[in-house]
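> Just so it is clear, I am handing over upload_13.cif, which has mmCIF, N, CA and C atoms.
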data_data
#
loop_
_atom_site.group_PDB
_atom_site.id
_atom_site.type_symbol
_atom_site.label_atom_id
_atom_site.label_comp_id
_atom_site.auth_asym_id
_atom_site.auth_seq_id
_atom_site.Cartn_x
_atom_site.Cartn_y
_atom_site.Cartn_z
ATOM 1 N N MET A 1 4.685 4.329 5.615
ATOM 2 C CA MET A 1 6.008 3.748 5.839
ATOM 3 C C MET A 1 5.953 2.669 6.922
ATOM 4 N N ASN A 2 5.161 2.904 7.950
ATOM 5 C CA ASN A 2 5.080 1.931 9.038
ATOM 6 C C ASN A 2 4.570 0.586 8.543
ATOM 7 N N LEU A 3 3.574 0.596 7.667
ATOM 8 C CA LEU A 3 3.039 -0.665 7.148
ATOM 9 C C LEU A 3 4.090 -1.412 6.345
ATOM 10 N N LEU A 4 4.821 -0.684 5.544
ATOM 11 C CA LEU A 4 5.874 -1.302 4.743
ATOM 12 C C LEU A 4 7.003 -1.831 5.627
ATOM 13 N N GLN A 5 7.387 -1.071 6.627
ATOM 14 C CA GLN A 5 8.437 -1.523 7.552
ATOM 15 C C GLN A 5 8.003 -2.792 8.285
ATOM 16 N N ASN A 6 6.739 -2.848 8.707
ATOM 17 C CA ASN A 6 6.246 -4.054 9.381
ATOM 18 C C ASN A 6 6.230 -5.246 8.438
ATOM 19 N N ALA A 7 5.830 -5.019 7.198
ATOM 20 C CA ALA A 7 5.818 -6.112 6.221
ATOM 21 C C ALA A 7 7.222 -6.676 6.038
ATOM 22 N N ILE A 8 8.192 -5.807 5.963
ATOM 23 C CA ILE A 8 9.588 -6.248 5.811
ATOM 24 C C ILE A 8 10.054 -6.982 7.066
ATOM 25 N N LYS A 9 9.760 -6.415 8.208
ATOM 26 C CA LYS A 9 10.232 -6.962 9.486
ATOM 27 C C LYS A 9 9.659 -8.348 9.785
ATOM 28 N N PHE A 10 8.382 -8.565 9.418
ATOM 29 C CA PHE A 10 7.713 -9.799 9.815
ATOM 30 C C PHE A 10 7.499 -10.778 8.662
ATOM 31 N N SER A 11 8.215 -10.579 7.554
ATOM 32 C CA SER A 11 8.164 -11.512 6.430
ATOM 33 C C SER A 11 9.486 -12.257 6.325
ATOM 34 N N PRO A 12 9.455 -13.439 5.727
ATOM 35 C CA PRO A 12 10.714 -14.164 5.528
ATOM 36 C C PRO A 12 11.680 -13.341 4.669
ATOM 37 N N LYS A 13 12.951 -13.488 4.918
ATOM 38 C CA LYS A 13 13.978 -12.779 4.135
ATOM 39 C C LYS A 13 13.818 -13.094 2.648
ATOM 40 N N LYS A 14 14.009 -12.083 1.828
ATOM 41 C CA LYS A 14 13.945 -12.175 0.366
ATOM 42 C C LYS A 14 12.569 -12.579 -0.157
ATOM 43 N N SER A 15 11.519 -12.466 0.662
ATOM 44 C CA SER A 15 10.179 -12.755 0.154
ATOM 45 C C SER A 15 9.603 -11.490 -0.483
ATOM 46 N N GLU A 16 8.617 -11.689 -1.328
ATOM 47 C CA GLU A 16 8.038 -10.570 -2.067
ATOM 48 C C GLU A 16 7.041 -9.794 -1.217
ATOM 49 N N ILE A 17 7.104 -8.467 -1.303
ATOM 50 C CA ILE A 17 6.141 -7.578 -0.666
ATOM 51 C C ILE A 17 5.594 -6.691 -1.775
ATOM 52 N N THR A 18 4.276 -6.606 -1.840
ATOM 53 C CA THR A 18 3.624 -5.839 -2.901
ATOM 54 C C THR A 18 2.926 -4.632 -2.294
ATOM 55 N N VAL A 19 3.068 -3.481 -2.937
ATOM 56 C CA VAL A 19 2.355 -2.268 -2.538
ATOM 57 C C VAL A 19 1.489 -1.849 -3.716
ATOM 58 N N LEU A 20 0.183 -1.788 -3.486
ATOM 59 C CA LEU A 20 -0.771 -1.374 -4.517
ATOM 60 C C LEU A 20 -1.385 -0.046 -4.115
ATOM 61 N N VAL A 21 -1.446 0.879 -5.045
ATOM 62 C CA VAL A 21 -2.009 2.201 -4.777
ATOM 63 C C VAL A 21 -3.065 2.497 -5.833
ATOM 64 N N GLY A 22 -4.213 2.972 -5.400
ATOM 65 C CA GLY A 22 -5.284 3.329 -6.331
ATOM 66 C C GLY A 22 -6.350 4.119 -5.606
ATOM 67 N N LEU A 23 -7.406 4.443 -6.310
ATOM 68 C CA LEU A 23 -8.520 5.166 -5.711
ATOM 69 C C LEU A 23 -9.479 4.179 -5.067
ATOM 70 N N ALA A 24 -10.058 4.580 -3.945
ATOM 71 C CA ALA A 24 -11.045 3.742 -3.271
ATOM 72 C C ALA A 24 -12.282 3.630 -4.149
ATOM 73 N N THR A 25 -12.813 2.427 -4.306
ATOM 74 C CA THR A 25 -13.959 2.223 -5.192
ATOM 75 C C THR A 25 -15.222 2.894 -4.656
ATOM 76 N N ASN A 26 -15.382 2.946 -3.340
ATOM 77 C CA ASN A 26 -16.588 3.543 -2.764
ATOM 78 C C ASN A 26 -16.492 5.066 -2.624
ATOM 79 N N ASN A 27 -15.270 5.622 -2.770
ATOM 80 C CA ASN A 27 -15.097 7.069 -2.668
ATOM 81 C C ASN A 27 -13.831 7.453 -3.428
ATOM 82 N N PRO A 28 -13.972 7.840 -4.696
ATOM 83 C CA PRO A 28 -12.789 8.123 -5.508
ATOM 84 C C PRO A 28 -11.975 9.333 -5.054
ATOM 85 N N SER A 29 -12.431 10.032 -4.017
ATOM 86 C CA SER A 29 -11.604 11.118 -3.482
ATOM 87 C C SER A 29 -10.622 10.598 -2.432
ATOM 88 N N LEU A 30 -10.728 9.306 -2.112
ATOM 89 C CA LEU A 30 -9.818 8.690 -1.141
ATOM 90 C C LEU A 30 -8.829 7.766 -1.853
ATOM 91 N N LEU A 31 -7.641 7.741 -1.337
ATOM 92 C CA LEU A 31 -6.600 6.868 -1.859
ATOM 93 C C LEU A 31 -6.626 5.552 -1.093
ATOM 94 N N LYS A 32 -6.456 4.460 -1.793
ATOM 95 C CA LYS A 32 -6.404 3.143 -1.159
ATOM 96 C C LYS A 32 -4.999 2.590 -1.363
ATOM 97 N N ILE A 33 -4.358 2.230 -0.266
ATOM 98 C CA ILE A 33 -3.012 1.674 -0.318
ATOM 99 C C ILE A 33 -3.065 0.297 0.339
ATOM 100 N N ARG A 34 -2.583 -0.699 -0.373
ATOM 101 C CA ARG A 34 -2.541 -2.060 0.162
ATOM 102 C C ARG A 34 -1.093 -2.523 0.230
ATOM 103 N N VAL A 35 -0.735 -3.095 1.361
ATOM 104 C CA VAL A 35 0.581 -3.706 1.519
ATOM 105 C C VAL A 35 0.324 -5.198 1.709
ATOM 106 N N ILE A 36 0.866 -5.993 0.802
ATOM 107 C CA ILE A 36 0.640 -7.437 0.812
ATOM 108 C C ILE A 36 1.987 -8.128 1.014
ATOM 109 N N ASP A 37 2.051 -8.961 2.045
ATOM 110 C CA ASP A 37 3.308 -9.657 2.316
ATOM 111 C C ASP A 37 3.070 -11.147 2.453
ATOM 112 N N ASN A 38 4.135 -11.871 2.697
ATOM 113 C CA ASN A 38 4.086 -13.322 2.846
ATOM 114 C C ASN A 38 4.471 -13.748 4.261
ATOM 115 N N GLY A 39 4.104 -12.924 5.218
ATOM 116 C CA GLY A 39 4.400 -13.242 6.613
ATOM 117 C C GLY A 39 3.535 -14.399 7.106
ATOM 118 N N VAL A 40 3.676 -14.730 8.364
ATOM 119 C CA VAL A 40 2.979 -15.886 8.938
ATOM 120 C C VAL A 40 1.487 -15.654 9.093
ATOM 121 N N GLY A 41 1.047 -14.416 9.015
ATOM 122 C CA GLY A 41 -0.371 -14.104 9.172
ATOM 123 C C GLY A 41 -0.708 -13.740 10.603
ATOM 124 N N ILE A 42 -1.923 -13.275 10.774
ATOM 125 C CA ILE A 42 -2.391 -12.819 12.086
ATOM 126 C C ILE A 42 -3.755 -13.447 12.329
ATOM 127 N N ALA A 43 -3.938 -14.024 13.492
ATOM 128 C CA ALA A 43 -5.233 -14.609 13.848
ATOM 129 C C ALA A 43 -6.287 -13.505 13.903
ATOM 130 N N ALA A 44 -7.496 -13.811 13.444
ATOM 131 C CA ALA A 44 -8.583 -12.818 13.411
ATOM 132 C C ALA A 44 -8.822 -12.197 14.785
ATOM 133 N N ASP A 45 -8.711 -12.988 15.840
ATOM 134 C CA ASP A 45 -8.930 -12.468 17.195
ATOM 135 C C ASP A 45 -7.855 -11.479 17.627
ATOM 136 N N ASP A 46 -6.685 -11.539 17.002
ATOM 137 C CA ASP A 46 -5.579 -10.652 17.373
ATOM 138 C C ASP A 46 -5.581 -9.321 16.622
ATOM 139 N N ILE A 47 -6.334 -9.226 15.529
ATOM 140 C CA ILE A 47 -6.295 -8.018 14.703
ATOM 141 C C ILE A 47 -6.653 -6.752 15.475
ATOM 142 N N PRO A 48 -7.713 -6.725 16.304
ATOM 143 C CA PRO A 48 -8.012 -5.486 17.033
ATOM 144 C C PRO A 48 -6.854 -5.019 17.927
ATOM 145 N N GLN A 49 -6.106 -5.950 18.480
ATOM 146 C CA GLN A 49 -4.977 -5.600 19.350
ATOM 147 C C GLN A 49 -3.866 -4.899 18.573
ATOM 148 N N LEU A 50 -3.760 -5.159 17.276
ATOM 149 C CA LEU A 50 -2.713 -4.535 16.461
ATOM 150 C C LEU A 50 -2.750 -3.019 16.543
ATOM 151 N N PHE A 51 -3.961 -2.458 16.579
ATOM 152 C CA PHE A 51 -4.137 -1.014 16.516
ATOM 153 C C PHE A 51 -4.328 -0.380 17.884
ATOM 154 N N SER A 52 -4.173 -1.150 18.946
ATOM 155 C CA SER A 52 -4.326 -0.593 20.288
ATOM 156 C C SER A 52 -3.002 0.012 20.756
ATOM 157 N N ARG A 53 -3.108 0.925 21.673
ATOM 158 C CA ARG A 53 -1.922 1.585 22.221
ATOM 159 C C ARG A 53 -1.076 0.555 22.964
ATOM 160 N N PHE A 54 0.166 0.459 22.611
ATOM 161 C CA PHE A 54 1.121 -0.506 23.152
ATOM 162 C C PHE A 54 0.728 -1.953 22.829
ATOM 163 N N GLY A 55 -0.164 -2.118 21.850
ATOM 164 C CA GLY A 55 -0.588 -3.458 21.451
ATOM 165 C C GLY A 55 0.519 -4.157 20.678
ATOM 166 N N LYS A 56 0.895 -5.306 21.141
ATOM 167 C CA LYS A 56 1.954 -6.060 20.488
ATOM 168 C C LYS A 56 1.617 -7.537 20.619
ATOM 169 N N LEU A 57 1.577 -8.218 19.491
ATOM 170 C CA LEU A 57 1.257 -9.641 19.513
ATOM 171 C C LEU A 57 2.433 -10.431 20.045
ATOM 172 N N GLU A 58 2.160 -11.578 20.618
ATOM 173 C CA GLU A 58 3.211 -12.400 21.224
ATOM 174 C C GLU A 58 4.299 -12.760 20.214
ATOM 175 N N ALA A 59 3.894 -13.105 18.988
ATOM 176 C CA ALA A 59 4.884 -13.452 17.958
ATOM 177 C C ALA A 59 5.799 -12.262 17.662
ATOM 178 N N ALA A 60 5.242 -11.065 17.672
ATOM 179 C CA ALA A 60 6.033 -9.861 17.391
ATOM 180 C C ALA A 60 7.039 -9.597 18.505
ATOM 181 N N ARG A 61 6.703 -9.967 19.725
ATOM 182 C CA ARG A 61 7.633 -9.761 20.848
ATOM 183 C C ARG A 61 8.917 -10.550 20.634
ATOM 184 N N HIS A 62 8.796 -11.728 20.044
ATOM 185 C CA HIS A 62 9.975 -12.567 19.810
ATOM 186 C C HIS A 62 10.774 -12.094 18.596
ATOM 187 N N LEU A 63 10.058 -11.663 17.551
ATOM 188 C CA LEU A 63 10.733 -11.238 16.333
ATOM 189 C C LEU A 63 11.349 -9.848 16.440
ATOM 190 N N ASN A 64 10.733 -8.993 17.248
ATOM 191 C CA ASN A 64 11.219 -7.625 17.388
ATOM 192 C C ASN A 64 11.044 -7.177 18.835
ATOM 193 N N PRO A 65 11.938 -7.602 19.715
ATOM 194 C CA PRO A 65 11.779 -7.276 21.133
ATOM 195 C C PRO A 65 11.951 -5.796 21.449
ATOM 196 N N ASN A 66 12.507 -5.008 20.533
ATOM 197 C CA ASN A 66 12.746 -3.590 20.816
ATOM 198 C C ASN A 66 11.535 -2.708 20.555
ATOM 199 N N GLY A 67 10.564 -3.158 19.759
ATOM 200 C CA GLY A 67 9.377 -2.351 19.468
ATOM 201 C C GLY A 67 8.498 -2.232 20.702
ATOM 202 N N ILE A 68 7.763 -1.106 20.795
ATOM 203 C CA ILE A 68 6.903 -0.922 21.969
ATOM 204 C C ILE A 68 5.419 -0.974 21.639
ATOM 205 N N GLY A 69 5.072 -1.184 20.362
ATOM 206 C CA GLY A 69 3.674 -1.357 20.007
ATOM 207 C C GLY A 69 2.916 -0.066 19.781
ATOM 208 N N LEU A 70 3.569 0.964 19.291
ATOM 209 C CA LEU A 70 2.878 2.224 19.007
ATOM 210 C C LEU A 70 2.739 2.524 17.514
ATOM 211 N N GLY A 71 3.496 1.860 16.670
ATOM 212 C CA GLY A 71 3.522 2.195 15.247
ATOM 213 C C GLY A 71 2.165 2.118 14.575
ATOM 214 N N LEU A 72 1.473 0.994 14.689
ATOM 215 C CA LEU A 72 0.178 0.849 14.038
ATOM 216 C C LEU A 72 -0.890 1.695 14.723
ATOM 217 N N TYR A 73 -0.775 1.870 16.014
ATOM 218 C CA TYR A 73 -1.703 2.744 16.752
ATOM 219 C C TYR A 73 -1.605 4.173 16.216
ATOM 220 N N MET A 74 -0.388 4.682 16.053
ATOM 221 C CA MET A 74 -0.198 6.041 15.548
ATOM 222 C C MET A 74 -0.577 6.128 14.070
ATOM 223 N N SER A 75 -0.251 5.109 13.290
ATOM 224 C CA SER A 75 -0.608 5.119 11.873
ATOM 225 C C SER A 75 -2.120 5.201 11.688
ATOM 226 N N LYS A 76 -2.857 4.440 12.477
ATOM 227 C CA LYS A 76 -4.319 4.486 12.376
ATOM 228 C C LYS A 76 -4.840 5.852 12.793
ATOM 229 N N GLY A 77 -4.256 6.438 13.827
ATOM 230 C CA GLY A 77 -4.670 7.774 14.261
ATOM 231 C C GLY A 77 -4.438 8.817 13.182
ATOM 232 N N ILE A 78 -3.314 8.735 12.496
ATOM 233 C CA ILE A 78 -3.016 9.673 11.401
ATOM 234 C C ILE A 78 -4.021 9.490 10.268
ATOM 235 N N CYS A 79 -4.299 8.240 9.913
ATOM 236 C CA CYS A 79 -5.276 7.970 8.846
ATOM 237 C C CYS A 79 -6.645 8.542 9.204
ATOM 238 N N LYS A 80 -7.091 8.325 10.435
ATOM 239 C CA LYS A 80 -8.397 8.833 10.855
ATOM 240 C C LYS A 80 -8.422 10.357 10.871
ATOM 241 N N ALA A 81 -7.324 10.985 11.287
ATOM 242 C CA ALA A 81 -7.259 12.450 11.316
ATOM 243 C C ALA A 81 -7.372 13.033 9.911
ATOM 244 N N MET A 82 -6.978 12.257 8.917
ATOM 245 C CA MET A 82 -7.038 12.713 7.526
ATOM 246 C C MET A 82 -8.329 12.247 6.840
ATOM 247 N N GLY A 83 -9.271 11.699 7.612
ATOM 248 C CA GLY A 83 -10.551 11.287 7.055
ATOM 249 C C GLY A 83 -10.569 9.881 6.496
ATOM 250 N N GLY A 84 -9.550 9.103 6.763
ATOM 251 C CA GLY A 84 -9.470 7.739 6.245
ATOM 252 C C GLY A 84 -9.565 6.712 7.346
ATOM 253 N N ASN A 85 -9.041 5.549 7.071
ATOM 254 C CA ASN A 85 -9.059 4.459 8.045
ATOM 255 C C ASN A 85 -7.899 3.525 7.739
ATOM 256 N N LEU A 86 -7.578 2.678 8.672
ATOM 257 C CA LEU A 86 -6.526 1.690 8.512
ATOM 258 C C LEU A 86 -7.106 0.349 8.928
ATOM 259 N N LEU A 87 -7.063 -0.603 8.024
ATOM 260 C CA LEU A 87 -7.645 -1.916 8.279
ATOM 261 C C LEU A 87 -6.598 -2.996 8.062
ATOM 262 N N CYS A 88 -6.858 -4.154 8.625
ATOM 263 C CA CYS A 88 -5.984 -5.299 8.441
ATOM 264 C C CYS A 88 -6.826 -6.500 8.047
ATOM 265 N N ARG A 89 -6.325 -7.245 7.073
ATOM 266 C CA ARG A 89 -6.934 -8.514 6.709
ATOM 267 C C ARG A 89 -5.812 -9.522 6.588
ATOM 268 N N SER A 90 -5.998 -10.674 7.173
ATOM 269 C CA SER A 90 -4.980 -11.712 7.126
ATOM 270 C C SER A 90 -5.609 -12.998 6.633
ATOM 271 N N ASN A 91 -4.897 -13.662 5.744
ATOM 272 C CA ASN A 91 -5.403 -14.933 5.204
ATOM 273 C C ASN A 91 -4.773 -16.100 5.915
#
Would you kindly transcribe this structure into structure tokens?

Amino acid sequence: MNLLQNAIKFSPKKSEITVLVGLATNNPSLLKIRVIDNGVGIAADDIPQLFSRFGKLEAARHLNPNGIGLGLYMSKGICKAMGGNLLCRSN
């Protein structure tokens, strides 16, 4: 839910957001979920900060000043506790 909420929050209004669900190709016992949006993107150097505790990118501070930067940190922790991982790729 956090990934979907972030996609909605940081994408232009009425833009398309796609959620793809399937089995991981390298391990069919794992589920792979992709959230694809049309947001402004994230610089490669900023991606590690996304998953840090209280990590919040400067652009996010302006778009959502009320967030404290724990959502993606907790989401990644939950994924790891369940034997998975949470990754980000930005074009």
> Which of these, A:Arg89, A:Asn26, A:Gly55, A:Met74, has the shortest distance to Ile42 in chain A once you count all atoms listed in the file?
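Using all atoms listed in the file, the shortest distance to Ile42 in chain A belongs to A:Arg89.
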> Of the candidates A:Thr25, A:Leu72, A:Lys13, A:Asn91, which one gets nearest to Val40 in chain A if we count only C-alpha atoms?
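Between A:Thr25, A:Leu72, A:Lys13, A:Asn91, the residue approaching Val40 in chain A most closely is A:Asn91.
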> CA of Leu31 in chain A and CA of Pro12 in chain A are how many Å apart?
28.2 Å
> Enumerate the residues of chain A with a DSSP assignment of strand (DSSP E or B), computed from the backbone, and present them as JSON, numbers by chain.
{"A": [18, 19, 20, 21, 22, 23, 31, 32, 33, 34, 35, 36]}
> Rounded to one decimal place, report the atom N of Glu16 in chain A-atom N of Asn38 in chain A distance in Å.
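Pair atom N of Glu16 in chain A / atom N of Asn38 in chain A returns 6.0 Å.
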> Taking the file as shown, what set of residues would the PyMOL selection byres (((chain A and resi 49-53 and name CA) around 8) and name CA) give back, as a count of residues only?
12
> Would you compute the distance between atom C of Gly71 in chain A and atom C of Leu87 in chain A? Give it in Å to one decimal.
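A separation of 12.1 Å between them.
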> Per DSSP on the backbone, what are the helix (DSSP H, G or I) residues of chain A, as a PyMOL selection string?
chain A and resi 2-9+44-50+58-63+71-81
> Keeping only N, CA and C atoms, write the selected residues as a short mmCIF file (atom, residue, chain, number, x, y, z; two decimals), in the coordinates of the input.

data_model
loop_
_atom_site.label_atom_id
_atom_site.label_comp_id
_atom_site.auth_asym_id
_atom_site.auth_seq_id
_atom_site.Cartn_x
_atom_site.Cartn_y
_atom_site.Cartn_z
N ASN A 2 5.16 2.90 7.95
CA ASN A 2 5.08 1.93 9.04
C ASN A 2 4.57 0.59 8.54
N LEU A 3 3.57 0.60 7.67
CA LEU A 3 3.04 -0.66 7.15
C LEU A 3 4.09 -1.41 6.34
N LEU A 4 4.82 -0.68 5.54
CA LEU A 4 5.87 -1.30 4.74
C LEU A 4 7.00 -1.83 5.63
N GLN A 5 7.39 -1.07 6.63
CA GLN A 5 8.44 -1.52 7.55
C GLN A 5 8.00 -2.79 8.28
N ASN A 6 6.74 -2.85 8.71
CA ASN A 6 6.25 -4.05 9.38
C ASN A 6 6.23 -5.25 8.44
N ALA A 7 5.83 -5.02 7.20
CA ALA A 7 5.82 -6.11 6.22
C ALA A 7 7.22 -6.68 6.04
N ILE A 8 8.19 -5.81 5.96
CA ILE A 8 9.59 -6.25 5.81
C ILE A 8 10.05 -6.98 7.07
N LYS A 9 9.76 -6.42 8.21
CA LYS A 9 10.23 -6.96 9.49
C LYS A 9 9.66 -8.35 9.78
N ALA A 44 -7.50 -13.81 13.44
CA ALA A 44 -8.58 -12.82 13.41
C ALA A 44 -8.82 -12.20 14.78
N ASP A 45 -8.71 -12.99 15.84
CA ASP A 45 -8.93 -12.47 17.20
C ASP A 45 -7.86 -11.48 17.63
N ASP A 46 -6.68 -11.54 17.00
CA ASP A 46 -5.58 -10.65 17.37
C ASP A 46 -5.58 -9.32 16.62
N ILE A 47 -6.33 -9.23 15.53
CA ILE A 47 -6.30 -8.02 14.70
C ILE A 47 -6.65 -6.75 15.48
N PRO A 48 -7.71 -6.72 16.30
CA PRO A 48 -8.01 -5.49 17.03
C PRO A 48 -6.85 -5.02 17.93
N GLN A 49 -6.11 -5.95 18.48
CA GLN A 49 -4.98 -5.60 19.35
C GLN A 49 -3.87 -4.90 18.57
N LEU A 50 -3.76 -5.16 17.28
CA LEU A 50 -2.71 -4.54 16.46
C LEU A 50 -2.75 -3.02 16.54
N GLU A 58 2.16 -11.58 20.62
CA GLU A 58 3.21 -12.40 21.22
C GLU A 58 4.30 -12.76 20.21
N ALA A 59 3.89 -13.10 18.99
CA ALA A 59 4.88 -13.45 17.96
C ALA A 59 5.80 -12.26 17.66
N ALA A 60 5.24 -11.06 17.67
CA ALA A 60 6.03 -9.86 17.39
C ALA A 60 7.04 -9.60 18.50
N ARG A 61 6.70 -9.97 19.73
CA ARG A 61 7.63 -9.76 20.85
C ARG A 61 8.92 -10.55 20.63
N HIS A 62 8.80 -11.73 20.04
CA HIS A 62 9.98 -12.57 19.81
C HIS A 62 10.77 -12.09 18.60
N LEU A 63 10.06 -11.66 17.55
CA LEU A 63 10.73 -11.24 16.33
C LEU A 63 11.35 -9.85 16.44
N GLY A 71 3.50 1.86 16.67
CA GLY A 71 3.52 2.19 15.25
C GLY A 71 2.16 2.12 14.58
N LEU A 72 1.47 0.99 14.69
CA LEU A 72 0.18 0.85 14.04
C LEU A 72 -0.89 1.70 14.72
N TYR A 73 -0.78 1.87 16.01
CA TYR A 73 -1.70 2.74 16.75
C TYR A 73 -1.60 4.17 16.22
N MET A 74 -0.39 4.68 16.05
CA MET A 74 -0.20 6.04 15.55
C MET A 74 -0.58 6.13 14.07
N SER A 75 -0.25 5.11 13.29
CA SER A 75 -0.61 5.12 11.87
C SER A 75 -2.12 5.20 11.69
N LYS A 76 -2.86 4.44 12.48
CA LYS A 76 -4.32 4.49 12.38
C LYS A 76 -4.84 5.85 12.79
N GLY A 77 -4.26 6.44 13.83
CA GLY A 77 -4.67 7.77 14.26
C GLY A 77 -4.44 8.82 13.18
N ILE A 78 -3.31 8.74 12.50
CA ILE A 78 -3.02 9.67 11.40
C ILE A 78 -4.02 9.49 10.27
N CYS A 79 -4.30 8.24 9.91
CA CYS A 79 -5.28 7.97 8.85
C CYS A 79 -6.64 8.54 9.20
N LYS A 80 -7.09 8.32 10.44
CA LYS A 80 -8.40 8.83 10.86
C LYS A 80 -8.42 10.36 10.87
N ALA A 81 -7.32 10.98 11.29
CA ALA A 81 -7.26 12.45 11.32
C ALA A 81 -7.37 13.03 9.91
#
> Taking all listed atoms of range 5-12 of chain A, build the axis-aligned box, pad each of the six sides by 4 Å, then write its centre and edge lengths in Å to one decimal as JSON.

{"center_x": 8.7, "center_y": -7.6, "center_z": 7.2, "size_x": 13.9, "size_y": 21.1, "size_z": 13.1}
> Using only C-alpha atoms, which of A:Val35, A:Ala44, A:Leu30, A:Ala7 sits nearest Gly83 in chain A?
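Ranked by minimum distance to Gly83 in chain A, first place goes to A:Leu30.
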> With distances taken over only C-alpha atoms, which residue among A:Cys79, A:Met1, A:Val19, A:Ile8 lies nearest Arg34 in chain A?
A:Val19
> Taking into account only C-alpha atoms, which residue in the set A:Asn85, A:Gly77, A:Ser90, A:Asn6 is nearest to Lys32 in chain A?
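Ranked by minimum distance to Lys32 in chain A, first place goes to A:Asn85.
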